[in-house]
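Here is the structure we will look at, set down as structure tokens.
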Amino acid sequence: MFETANENLAERIILVGTALGKMTREEAEYSLDELARLIDTAGGIEVGRFLQKRNRPDGAFFVGKGIVEELAAKIEETEADLVVFDHLLSPNQQRNLGKKLEVKVIDRAMLILDIFALHARSAESHLQVELAQMEYLLPRLTGLWVHLSRQRGGIGTKGPGETQLETDRRQIGKKISTLKKRLKKIEKQRRTQRQGRSEYRKLALVGYTNAGKSTLFNQLTQAKVTQADQLFSTLDSTTRIMATEYPQKVALTDTVGFIERLPHQLVASFKSTLEEVTLADLILLVVDCSDPYKDRKIEVVTSVLDSIKAGQIPRLLIYNKVDLLEAESEAPIPTNGIIPISALKKVGLNRLKAEIIARFG
Ligand SMILES: Nc1nc2c(ncn2[C@@H]2O[C@H](COP(=O)(O)OP(=O)(O)OP(=O)(O)O)[C@@H](O)[C@H]2O)c(=O)[nH]1
Ligand SMILES: [Mg+2]
């Protein structure tokens with residue numbers, strides 16, 4: 001019924017970032033670079049970018065009118081067919097921008113939802129992504145219709161009548177409840193599997209996307225889950241036994257990574273996947289220590305953990321990718337409880353295991 005950015009692969013895209021409030025221009029630029037990586041992952045091509053410093057978003061267009069004019073000119077010049085905002089747009093802002101710019105306008109949340117849709121492999125992750133997409137679309141239906149009607153040959157700029165909209169809303173509402181029911185069933189199966197592991201000590205790998213969680217998981221369990229230099233390669237949770245000298249069996253779980261401004265719809269619909277984290281005895285928080293924004297990323301991960309009620313679980317902070325530091329002779333790693341490793345080069349893994357056992361007591 002709706003087009004998604006999936007069908008718009010290799011689209012020509014303009015990025016729009018905003019340094020809001022206390023956010024510095026440098027931080028906004030970094031965030032835009034991350035958005036560019038997301039666009040690349042989705043198969044799009046960047047043809048231009050804008051960055052504006054603002055105290056707060058404009059109610060109608062998010063950015064100022066001047067930028068909207070400049071954007072229109074840039075779209076013309078570059079023949080762009082999609083504009084992606086780095087911040088969350090309200091349905092109203094999205095609608096106004098779409099009307100004014102006459103191209104599709106989406107935000108970071110929708111782009112992330114699209115990448116999740118591209119990378120979903122299991123039945124469960126497909127359902128979870130679809131649920132999040134529906135929840136995201138529901139309040140935005142009106143804007144989409146304006147866009148779709150224009151695409152169908154530009155006949156009129158108005159959406160269909162209220163009746164059509166109401167029908168669609170109802171249909172999506174129904175779809176949402178069907179998806180929720182199907183997910184409940186899978187959740188039940190997952191609980192049964194988990195009961196079999198009730199005697200185990202449970203560890204969960206958690207961190208920003210691309211930190212190296214799956215690489216570490218494979219090293220510690222001899223598993224072969226996907227590890228790749230791309231954002232959100234892992235969407236499912238995988239649990240394996242980890243060989244240690246601890247008398248009890250230790251189960252390690254690898255799961256979906258987090259990102260700045262992760263759509264709340266995704267956090268909600270991935271509830272059962274993230275449940276593996278909420279039930280852990282110890283969280284292994286993996287950080288890419290070569291990342292200049294690692295502290296910010298730790299904050300992002302911590303706040304997602306709080307939001308899924310895993311904030312109270314004990315954590316070990318792991319600085320991964322130390323091999324990349326040596327080359328750049330960066331500041332030494334602080335020694336207060338942080339464990340430096342290189343999952344790729346197998347450095348520090350024995351110390352990590354010893355530290356885990358020490359924490360179990
Ligand atoms: N140099 C270096 N690269 C690493 C290290 N650990 C992982 N990587 C690389 O970092 C990239 C991401 O690794 P993954 O293990 O897929 O990261 P992830 O945290 O599971 O990422 P998502 O599942 O996408 O959230 C891959 O290209 C890995 O080869 C390391 O210790 N050193
Ligand atoms: Mg992974």
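Labels for the structure tokens follow display order: chains A, B, ..., residues from 1 in each chain, ligands from 1.
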Notebook entry, point to check: Which residues sit within 6 Å of ligand 2, counting only C-alpha atoms and all ligand atoms, listed as a ChimeraX atom specification?
Noted result: /A:213-214,227,233-234
Next, the residues of the selection above should be written as a JSON list (two decimals), in the first residue's frame with N, CA and C atoms.
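Contents of the output file again_1.json:
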```json
[["chain", "number", "residue", "atom", "x", "y", "z"],
["A", 213, "LYS", "N", 30.32, -6.34, 18.81],
["A", 213, "LYS", "CA", 29.67, -7.32, 19.69],
["A", 213, "LYS", "C", 29.67, -8.72, 19.08],
["A", 214, "SER", "N", 29.29, -8.82, 17.81],
["A", 214, "SER", "CA", 29.18, -10.14, 17.19],
["A", 214, "SER", "C", 30.56, -10.77, 17.00],
["A", 227, "GLN", "N", 29.29, -10.96, 11.31],
["A", 227, "GLN", "CA", 30.03, -9.80, 11.79],
["A", 227, "GLN", "C", 30.43, -9.02, 10.55],
["A", 233, "SER", "N", 24.02, -5.01, 11.48],
["A", 233, "SER", "CA", 24.08, -6.34, 10.85],
["A", 233, "SER", "C", 23.30, -7.34, 11.69],
["A", 234, "THR", "N", 23.29, -7.14, 13.02],
["A", 234, "THR", "CA", 22.57, -8.07, 13.88],
["A", 234, "THR", "C", 21.22, -7.50, 14.27]]
```
Next item on the list: Would you kindly return, as a PyMOL selection string, each protein, DNA or RNA residue with an atom no farther than 7 Å from any atom of Gly44 (chain A), considering only C-alpha atoms and excluding same-chain residues fewer than 5 positions away?
Entry: chain A and resi 9-13+39
Next item on the list: Could you tell me which of A:Lys321, A:Arg351, A:Arg240, A:Arg140 comes closest to ligand 1 if we count only C-alpha atoms and all ligand atoms?
Entry: A:Lys321
Check: Which residues form the shell of 7 Å around ligand 1 when you count only C-alpha atoms and all ligand atoms, given as a PyMOL selection string?
Finding: chain A and resi 207-216+226-235+256-258+320-324+341-345
Note to self: To test your reading of the structure, identify every residue in region 47-95 of chain A that backbone DSSP assigns to helix (DSSP H, G or I), and report it as a list of chain:residue names.
What the structure shows: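 Taking region 47-95 of chain A and keeping helix (DSSP H, G or I) only, one gets A:Lys65, A:Gly66, A:Ile67, A:Val68, A:Glu69, A:Glu70, A:Leu71, A:Ala72, A:Ala73, A:Lys74, A:Ile75, A:Glu76, A:Glu77, A:Thr78, A:Pro91, A:Asn92, A:Gln93, A:Gln94, A:Arg95.
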Which residues of region 19-66 of chain A have any atom within 9 Å of an atom in region 94-103 of chain A when counting only C-alpha atoms, and what is the closest pair of atoms for each, with the distance in Å to one decimal? Order the rows by chain and rising number and write it as a Markdown table.
```
| residue | atom | partner | partner_atom | distance |
| --- | --- | --- | --- | --- |
| A:Ala60 | CA | A:Asn96 | CA | 6.6 |
| A:Phe61 | CA | A:Leu97 | CA | 6.0 |
| A:Phe62 | CA | A:Gln94 | CA | 8.7 |
```
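Of the listed residues A:Pro292, A:Arg194, A:Arg49, A:Ala268, the one whose atoms come nearest to Thr253 (chain A) is A:Arg194, with distances taken using only C-alpha atoms.
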So that I can see what lies close to Asn55 (chain A), please list as a short mmCIF file (atom, residue, chain, number, x, y, z; two decimals) with N, CA and C atoms, in the first residue's frame the residues with an atom at most 10 Å from it, counting only C-alpha atoms and leaving out residues fewer than 6 positions away in the same chain.
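result18.cif written:
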```cif
data_model
loop_
_atom_site.label_atom_id
_atom_site.label_comp_id
_atom_site.auth_asym_id
_atom_site.auth_seq_id
_atom_site.Cartn_x
_atom_site.Cartn_y
_atom_site.Cartn_z
N THR A 18 20.71 19.54 12.03
CA THR A 18 20.48 20.75 12.82
C THR A 18 21.23 20.62 14.13
N ALA A 19 22.01 21.67 14.46
CA ALA A 19 22.64 21.71 15.78
C ALA A 19 21.63 22.39 16.70
N LEU A 20 20.87 21.57 17.42
CA LEU A 20 19.77 22.10 18.23
C LEU A 20 20.23 22.45 19.64
N GLY A 21 19.77 23.56 20.16
CA GLY A 21 20.06 23.94 21.55
C GLY A 21 21.54 23.92 21.84
N LYS A 22 21.92 23.05 22.80
CA LYS A 22 23.33 23.03 23.24
C LYS A 22 24.22 22.20 22.33
N MET A 23 23.64 21.51 21.38
CA MET A 23 24.42 20.67 20.47
C MET A 23 25.37 21.56 19.67
#
```
Please provide as a CSV table (one decimal) with N, CA and C atoms, in the first residue's frame all residues within 9 Å of Ser272 (chain A), with the sequence filter that same-chain residues fewer than 5 positions apart are discarded (counting only C-alpha atoms).
```
chain,number,residue,atom,x,y,z
A,183,LEU,N,3.5,-12.0,17.4
A,183,LEU,CA,4.7,-11.8,18.1
A,183,LEU,C,4.6,-12.4,19.5
A,184,LYS,N,3.4,-12.3,20.1
A,184,LYS,CA,3.1,-12.9,21.4
A,184,LYS,C,3.4,-14.4,21.4
A,186,ILE,N,5.4,-16.1,19.3
A,186,ILE,CA,6.9,-16.3,19.3
A,186,ILE,C,7.5,-16.1,20.6
A,187,GLU,N,7.0,-15.0,21.3
A,187,GLU,CA,7.5,-14.7,22.6
A,187,GLU,C,7.4,-15.9,23.6
A,190,ARG,N,9.9,-18.5,22.9
A,190,ARG,CA,11.2,-18.0,23.4
A,190,ARG,C,11.3,-18.3,24.9
```
Checklist line | Selection near Tyr293 (chain A), 12 Å with only C-alpha atoms, sequence-local residues under 2 positions removed, as a PyMOL selection string | finding: chain A and resi 26-31+34+208+260+287-291+295-300
Hey, can you spit out that residue selection with C-alpha atoms as a PDB file, in the first residue's frame?
```
ATOM      1  CA  GLU A  26      30.822  19.697  15.423  1.00  0.00           C
ATOM      2  CA  GLU A  27      28.454  17.239  17.120  1.00  0.00           C
ATOM      3  CA  ALA A  28      25.789  17.895  14.505  1.00  0.00           C
ATOM      4  CA  GLU A  29      28.358  17.278  11.780  1.00  0.00           C
ATOM      5  CA  TYR A  30      29.349  13.999  13.378  1.00  0.00           C
ATOM      6  CA  SER A  31      25.706  13.005  13.556  1.00  0.00           C
ATOM      7  CA  GLU A  34      26.525   8.861  10.829  1.00  0.00           C
ATOM      8  CA  TYR A 208      26.315   0.827  19.948  1.00  0.00           C
ATOM      9  CA  GLU A 260      21.539   7.753  18.664  1.00  0.00           C
ATOM     10  CA  VAL A 287      32.543   0.173  23.102  1.00  0.00           C
ATOM     11  CA  ASP A 288      34.671   0.965  20.055  1.00  0.00           C
ATOM     12  CA  CYS A 289      37.444   2.775  21.933  1.00  0.00           C
ATOM     13  CA  SER A 290      38.925   4.232  18.746  1.00  0.00           C
ATOM     14  CA  ASP A 291      35.750   6.270  18.275  1.00  0.00           C
ATOM     15  CA  ASP A 295      31.588   8.672  25.653  1.00  0.00           C
ATOM     16  CA  ARG A 296      28.462   9.986  23.940  1.00  0.00           C
ATOM     17  CA  LYS A 297      27.788   6.490  22.595  1.00  0.00           C
ATOM     18  CA  ILE A 298      28.102   4.984  26.068  1.00  0.00           C
ATOM     19  CA  GLU A 299      25.483   7.524  27.207  1.00  0.00           C
ATOM     20  CA  VAL A 300      23.166   6.506  24.358  1.00  0.00           C
TER      21      VAL A 300
END
```
Which residues of region 73-124 of chain A come within 7 Å of region 128-139 of chain A, and for each one, what is the closest pair of atoms and their distance in Å to one decimal, counting only C-alpha atoms, sorted by chain and residue number, as a Markdown table?
```
| residue | atom | partner | partner_atom | distance |
| --- | --- | --- | --- | --- |
| A:Pro91 | CA | A:Pro139 | CA | 6.7 |
| A:Leu113 | CA | A:Gln133 | CA | 6.5 |
| A:Phe116 | CA | A:Val129 | CA | 6.5 |
| A:Ala117 | CA | A:Val129 | CA | 6.0 |
| A:Glu124 | CA | A:Gln128 | CA | 6.1 |
```
Restricted to C-alpha atoms, what would the selected residues look like written as a short mmCIF file (atom, residue, chain, number, x, y, z; two decimals), in the first residue's frame?
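Result file result27.cif:
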```cif
data_model
loop_
_atom_site.label_atom_id
_atom_site.label_comp_id
_atom_site.auth_asym_id
_atom_site.auth_seq_id
_atom_site.Cartn_x
_atom_site.Cartn_y
_atom_site.Cartn_z
CA PRO A 91 3.80 14.42 10.92
CA LEU A 113 13.26 1.49 10.12
CA PHE A 116 15.99 -2.81 9.82
CA ALA A 117 13.54 -3.97 7.14
CA GLU A 124 10.44 -12.67 14.40
#
```
Next item on the list: Tell me which of A:Gln248, A:Lys271, A:Ile338, A:Arg261 sits closest to Ser303 (chain A), counting only C-alpha atoms.
Entry: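 Using only C-alpha atoms, the shortest distance to Ser303 (chain A) belongs to A:Arg261.
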Notebook entry, point to check: CA of Asp281 (chain A) and CA of Pro247 (chain A), how far apart in Å?
Noted result: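 If I compute the distance from CA of Pro247 (chain A) to CA of Asp281 (chain A), I get 15.6 Å.
DSSP secondary structure from the backbone places Thr238, Thr239, Arg240, Ile241, Met242, Val250, Ala251, Leu252, Thr253, Asp254, Leu282, Ile283, Leu284, Leu285, Val286, Val287 and Asp288 of chain A of region 217-290 of chain A in strand (DSSP E).
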Take the residues from that selection and write them out as a PDB file, in the first residue's frame, keeping N, CA and C atoms.
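Ended up saving to result.pdb:
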```pdb
ATOM      1  N   THR A 238      21.010 -14.113  19.665  1.00  0.00           N
ATOM      2  CA  THR A 238      21.512 -15.488  19.594  1.00  0.00           C
ATOM      3  C   THR A 238      22.169 -15.806  20.929  1.00  0.00           C
ATOM      4  N   THR A 239      21.856 -16.978  21.487  1.00  0.00           N
ATOM      5  CA  THR A 239      22.460 -17.358  22.760  1.00  0.00           C
ATOM      6  C   THR A 239      23.267 -18.639  22.587  1.00  0.00           C
ATOM      7  N   ARG A 240      24.484 -18.648  23.130  1.00  0.00           N
ATOM      8  CA  ARG A 240      25.348 -19.834  23.059  1.00  0.00           C
ATOM      9  C   ARG A 240      26.045 -20.016  24.405  1.00  0.00           C
ATOM     10  N   ILE A 241      26.450 -21.250  24.644  1.00  0.00           N
ATOM     11  CA  ILE A 241      27.214 -21.520  25.860  1.00  0.00           C
ATOM     12  C   ILE A 241      28.658 -21.060  25.653  1.00  0.00           C
ATOM     13  N   MET A 242      29.193 -20.444  26.678  1.00  0.00           N
ATOM     14  CA  MET A 242      30.569 -19.957  26.600  1.00  0.00           C
ATOM     15  C   MET A 242      31.434 -20.829  27.513  1.00  0.00           C
ATOM     16  N   VAL A 250      27.697 -21.018  31.540  1.00  0.00           N
ATOM     17  CA  VAL A 250      27.521 -19.597  31.271  1.00  0.00           C
ATOM     18  C   VAL A 250      26.951 -19.428  29.857  1.00  0.00           C
ATOM     19  N   ALA A 251      25.792 -18.754  29.769  1.00  0.00           N
ATOM     20  CA  ALA A 251      25.169 -18.519  28.467  1.00  0.00           C
ATOM     21  C   ALA A 251      25.401 -17.068  28.064  1.00  0.00           C
ATOM     22  N   LEU A 252      25.886 -16.892  26.834  1.00  0.00           N
ATOM     23  CA  LEU A 252      26.174 -15.540  26.330  1.00  0.00           C
ATOM     24  C   LEU A 252      25.197 -15.209  25.203  1.00  0.00           C
ATOM     25  N   THR A 253      24.650 -14.002  25.239  1.00  0.00           N
ATOM     26  CA  THR A 253      23.699 -13.580  24.205  1.00  0.00           C
ATOM     27  C   THR A 253      24.238 -12.389  23.428  1.00  0.00           C
ATOM     28  N   ASP A 254      24.164 -12.503  22.094  1.00  0.00           N
ATOM     29  CA  ASP A 254      24.492 -11.370  21.207  1.00  0.00           C
ATOM     30  C   ASP A 254      23.167 -10.818  20.703  1.00  0.00           C
ATOM     31  N   LEU A 282      24.698 -10.231  34.104  1.00  0.00           N
ATOM     32  CA  LEU A 282      25.781  -9.268  33.897  1.00  0.00           C
ATOM     33  C   LEU A 282      25.739  -8.805  32.434  1.00  0.00           C
ATOM     34  N   ILE A 283      25.867  -7.485  32.256  1.00  0.00           N
ATOM     35  CA  ILE A 283      25.876  -6.937  30.896  1.00  0.00           C
ATOM     36  C   ILE A 283      27.307  -6.606  30.494  1.00  0.00           C
ATOM     37  N   LEU A 284      27.698  -7.054  29.309  1.00  0.00           N
ATOM     38  CA  LEU A 284      29.008  -6.687  28.770  1.00  0.00           C
ATOM     39  C   LEU A 284      28.789  -5.536  27.805  1.00  0.00           C
ATOM     40  N   LEU A 285      29.114  -4.331  28.241  1.00  0.00           N
ATOM     41  CA  LEU A 285      28.886  -3.147  27.404  1.00  0.00           C
ATOM     42  C   LEU A 285      30.118  -2.924  26.528  1.00  0.00           C
ATOM     43  N   VAL A 286      29.955  -3.191  25.226  1.00  0.00           N
ATOM     44  CA  VAL A 286      31.086  -3.131  24.298  1.00  0.00           C
ATOM     45  C   VAL A 286      31.147  -1.763  23.629  1.00  0.00           C
ATOM     46  N   VAL A 287      32.338  -1.156  23.678  1.00  0.00           N
ATOM     47  CA  VAL A 287      32.543   0.173  23.102  1.00  0.00           C
ATOM     48  C   VAL A 287      33.682   0.103  22.100  1.00  0.00           C
ATOM     49  N   ASP A 288      33.551   0.807  20.983  1.00  0.00           N
ATOM     50  CA  ASP A 288      34.671   0.965  20.055  1.00  0.00           C
ATOM     51  C   ASP A 288      35.534   2.101  20.610  1.00  0.00           C
TER      52      ASP A 288
END
```
